[in-house]
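Asks: Before I ask anything, here is the structure I am working with.
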Amino acid sequence: MNIAPNSYSRTRKRLLAAAASVAVAGVIGVGALTSGTSPVLADAVRVEAPQVQGFADVVERVSPAVVSVKVKAKIQPTADDGSDGQDGFDNLPNNPQLRRFFKEFRGFGDQGGQDDEGHRRFGHRDHSNDQPRPVAQGSGFFISEDGYLVTNNHVVEEGTAFTVVTNDGKELDAKLVGTDPRTDLAVLKVEGGGKFTYVDFADDSKVRVGDWVVAVGNPFGLGGTVTAGIVSARGRDIGAGPYDDFLQIDASVNRGNSGGPTFNLNGQVVGINTAIFSPSGGSVGIAFDIPASTAKQVVEDLMKSGAVQRGWLGVEIQPVTSDIAESLGLKSNNGALVSSAQDEGPGKKAGITAGDVITQVDGKDVASPKELARLIGAYSPGKSVDVTVWRGGKSQTIKVDLGKLPASDKQAANDQQQPPAAPAKPDTLADLGLTVTKSENGKGLVVTDVDPDSAAADRGIQPGDIITAVNSNEVNGTEDVTKAMTDAVKSGRKAVLMQVTRDNNNRFVALPVAKG
């Protein structure tokens, strides 16, 4: 068949258009298939990075050594059935119905009965056979295979019966071995034998600020709870006692964690939870731990003898401020200034006097009064130590045989000693902003007035204070103070050091002197 040229051209164009349509339809069809029922997606984001070490391995190993401590005590009734002749309602308004109401219902909940008229009678329970009741709950941890465990003194101090709850829920009776209120530590011993998983103390001298730590305990009685954080600071003094040297951590610590351990990543105890800073009562990330070095020695002593015996120097001390250091010619404000030496104390017997600055003990530097207390407390009573003091512009060493620290940190003052009454005639130390008068016994000057704008007022000197010495020289009149001030100016010093007595307690105050 012959086809005309024009007809052939039109046919060819139609075929090409059809082919193009099929191609487009194919593309659209494939797109419909891929984007409709089964879309093709890119891979999810995944970053290949080193994995941070967790705490699970540490927790798994140490948790069996951590326990809850439940404390019970016999509760004494606040009132009996009237054996003291008082009904306890003397302060109520004079209203017969009100008084009757309280008298009838004051024993609500106690066993009672009915009176002769059939009315309900509320009697008083017989407390003679009462069992101990729960009074406290905290945490603790085993430090020996045979059942010795550590907790806080404030957890157990009111208790008469103690129960230890292990990690697997077993309840075991324990007895109190000993306590040390000064460091807030206590040791219990599980009765009945058995072997226990236990942990050991770390060398906390190697603990650095920023190190990871894990706290395990029993907050709010919930049972074994683990929190993690870092060591935030070292050497914290929170005013809890003379041996404050706490680690500060930011791991969450709450009520019930007291006595629980804080571990390093090797499973060693670096500290014992003892206090938190909290405006609300809950954790705000500031907790304080007794360091392992302190706890280890105290715990060993408690396990051996049930008590801690510490050395005693028998002096009262205060910090060395920059003003005091300058007035004494010291290059730094390190050390502990002796404000008084107790009459029967070993320090005074050896020759230590008020005004001495203790700078070393057996060659170990004393940075502060707290440091001195810790150094002396670490020695046993009877130990002979070399105490280096700064006196009269130079150092000297005094050998002291330490005594035994008495039950009270400070011996009672002599009740017969009374501040001497001041005569009527005052003198003025205008440069110091003080008005003074001689004491009745002629020893010292009694402050009768203080200029409120003076340095003396800023440093806490008050009327009634007695100035007994200036720059370690006794004061019997204002001329002694004036001479000391003149000598200080000649020596190029900016202040004089005054020994001040108030309520039979001594302290030192540095007051600036005017030049020219």
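Ligands are numbered from 1 in the order shown, chains are lettered A, B, ... in the order of the structure tokens, and residues start at 1 in each chain.
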For the helix (DSSP H, G or I) assignment from backbone DSSP, which residues of stretch 215-457 of chain A qualify? Please present them as a VMD selection string.
Replies: chain A and resid 219 to 221 292 to 305 322 to 328 346 to 350 369 to 377 430 to 432 455 to 457
Asks: Could you tell me, as a list in words, which residues of stretch 249-290 of chain A DSSP assigns to strand (DSSP E) when given the backbone?
Replies: Ile249, Pro261, Thr262, Phe263, Val269, Val270, Gly271, Ile272, Asn273, Thr274, Ala275, Ile276, Ala287, Phe288, Asp289 and Ile290 of chain A
Asks: Looking at only C-alpha atoms, which of A:Gly351, A:Gly210, A:Pro369, A:Pro319 is the one that sits closest to A:Val509?
Replies: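 That would be A:Pro319, the residue with the smallest distance to A:Val509.
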Asks: Check the smallest atom-to-atom distance from each of A:Tyr148, A:Val69, A:Leu265, A:Glu48 to A:Gly169 using only C-alpha atoms, then report the winner.
Replies: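 Using only C-alpha atoms, the shortest distance to A:Gly169 belongs to A:Val69.
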Asks: Just want the 12 Å neighbourhood of stretch 435-451 of chain A, counted on only C-alpha atoms, with same-chain residues fewer than 4 positions away dropped. Output as an NGL selection string.
Replies: :A and (418-431 or 455-470 or 473-481 or 498-502)
Asks: Mind pulling up the distance from atom CA of A:Ala275 to atom CA of A:Ala186?
Replies: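 Separation between atom CA of A:Ala186 and atom CA of A:Ala275: 15.0 Å.
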Asks: Against stretch 289-298 of chain A, which residues of stretch 156-230 of chain A fall within 10 Å? For each one I want the closest pair of atoms and the distance in Å (one decimal), counting only C-alpha atoms, rows by chain and increasing residue number, as a Markdown table.
Replies:
| residue | atom | partner | partner_atom | distance |
| --- | --- | --- | --- | --- |
| A:Thr179 | CA | A:Val298 | CA | 9.2 |
| A:Asp180 | CA | A:Val298 | CA | 7.6 |
| A:Thr183 | CA | A:Ile290 | CA | 7.8 |
| A:Asp184 | CA | A:Ile290 | CA | 8.5 |
| A:Leu185 | CA | A:Ala295 | CA | 7.4 |
| A:Ala186 | CA | A:Val298 | CA | 8.9 |
| A:Val187 | CA | A:Val298 | CA | 9.5 |
| A:Asp200 | CA | A:Lys296 | CA | 9.1 |
| A:Phe201 | CA | A:Ala292 | CA | 5.7 |
| A:Ala202 | CA | A:Ala292 | CA | 6.3 |
| A:Asp203 | CA | A:Ser293 | CA | 6.8 |
| A:Asp204 | CA | A:Ala292 | CA | 5.9 |
| A:Ser205 | CA | A:Ser293 | CA | 7.9 |
| A:Val207 | CA | A:Pro291 | CA | 9.8 |
Asks: Write out as an NGL selection string which residues come within 7 Å of A:Lys175 when counting only C-alpha atoms, dropping same-chain ones fewer than 2 positions away.
Replies: :A and (162 or 177 or 188-191)
Asks: Atom CA of A:Gly285 and atom CA of A:Leu247 are how many Å apart?
Replies: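 Separating atom CA of A:Gly285 from atom CA of A:Leu247 is a distance of 12.9 Å.
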Asks: Compare A:Asp57, A:Asp173, A:Asp43, A:Glu158 by their minimum atom-to-atom distance to A:Ala136, counting only C-alpha atoms, and give me the closest one.
Replies: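 Closest candidate: A:Glu158.
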Asks: Fewer than 4 positions away in the same chain doesn't count, so skip those; otherwise give me all residues within 9 Å of A:Arg374, counting only C-alpha atoms, as a ChimeraX atom specification.
Replies: /A:242-244,369-370,378
Asks: Any chance you could export the current selection's C-alpha atoms as a PDB file, in the first residue's frame?
Replies:
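Heads up, here's the output in part_25.pdb:
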ATOM      1  CA  PRO A 242      35.167  21.675 115.816  1.00  0.00           C
ATOM      2  CA  TYR A 243      36.233  19.107 113.206  1.00  0.00           C
ATOM      3  CA  ASP A 244      34.277  20.367 110.194  1.00  0.00           C
ATOM      4  CA  PRO A 369      41.831  27.085 114.261  1.00  0.00           C
ATOM      5  CA  LYS A 370      39.828  24.230 112.709  1.00  0.00           C
ATOM      6  CA  ALA A 378      44.138  13.053 115.830  1.00  0.00           C
TER       7      ALA A 378
END
Asks: Would you work out the distance separating atom CA of A:Gly159 from atom CA of A:Ala174, expressed in Å to one decimal?
Replies: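 Atom CA of A:Gly159 sits 11.5 Å away from atom CA of A:Ala174.
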Asks: Show me, as a compact mmCIF listing (two decimals) with all heavy atoms, in the first residue's frame, the residues that have an atom within 9 Å of A:Gly393 when counting only C-alpha atoms, minus same-chain residues fewer than 4 positions from it.
Replies:
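Result file follows (part-v1.txt):
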# COMPACT_ATOMS: atom_id res chain seq x y z
N LEU A 328 51.03 41.80 114.57
CA LEU A 328 52.01 40.91 115.20
C LEU A 328 53.27 40.73 114.35
O LEU A 328 54.21 40.06 114.78
CB LEU A 328 51.39 39.54 115.47
CG LEU A 328 50.28 39.50 116.52
CD1 LEU A 328 49.65 38.11 116.57
CD2 LEU A 328 50.83 39.88 117.89
N GLY A 329 53.27 41.29 113.16
CA GLY A 329 54.44 41.15 112.29
C GLY A 329 54.48 39.83 111.56
O GLY A 329 55.55 39.42 111.08
N LEU A 330 53.34 39.15 111.44
CA LEU A 330 53.28 37.89 110.69
C LEU A 330 53.12 38.19 109.20
O LEU A 330 52.46 39.16 108.81
CB LEU A 330 52.11 37.04 111.17
CG LEU A 330 52.28 36.36 112.53
CD1 LEU A 330 50.92 35.83 113.02
CD2 LEU A 330 53.27 35.21 112.43
Asks: Which residue is closest to A:Val385? Choose from A:Gly229, A:Gly363, A:Gly223, A:Gly345 and count only C-alpha atoms.
Replies: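 Nearest to A:Val385: A:Gly363.
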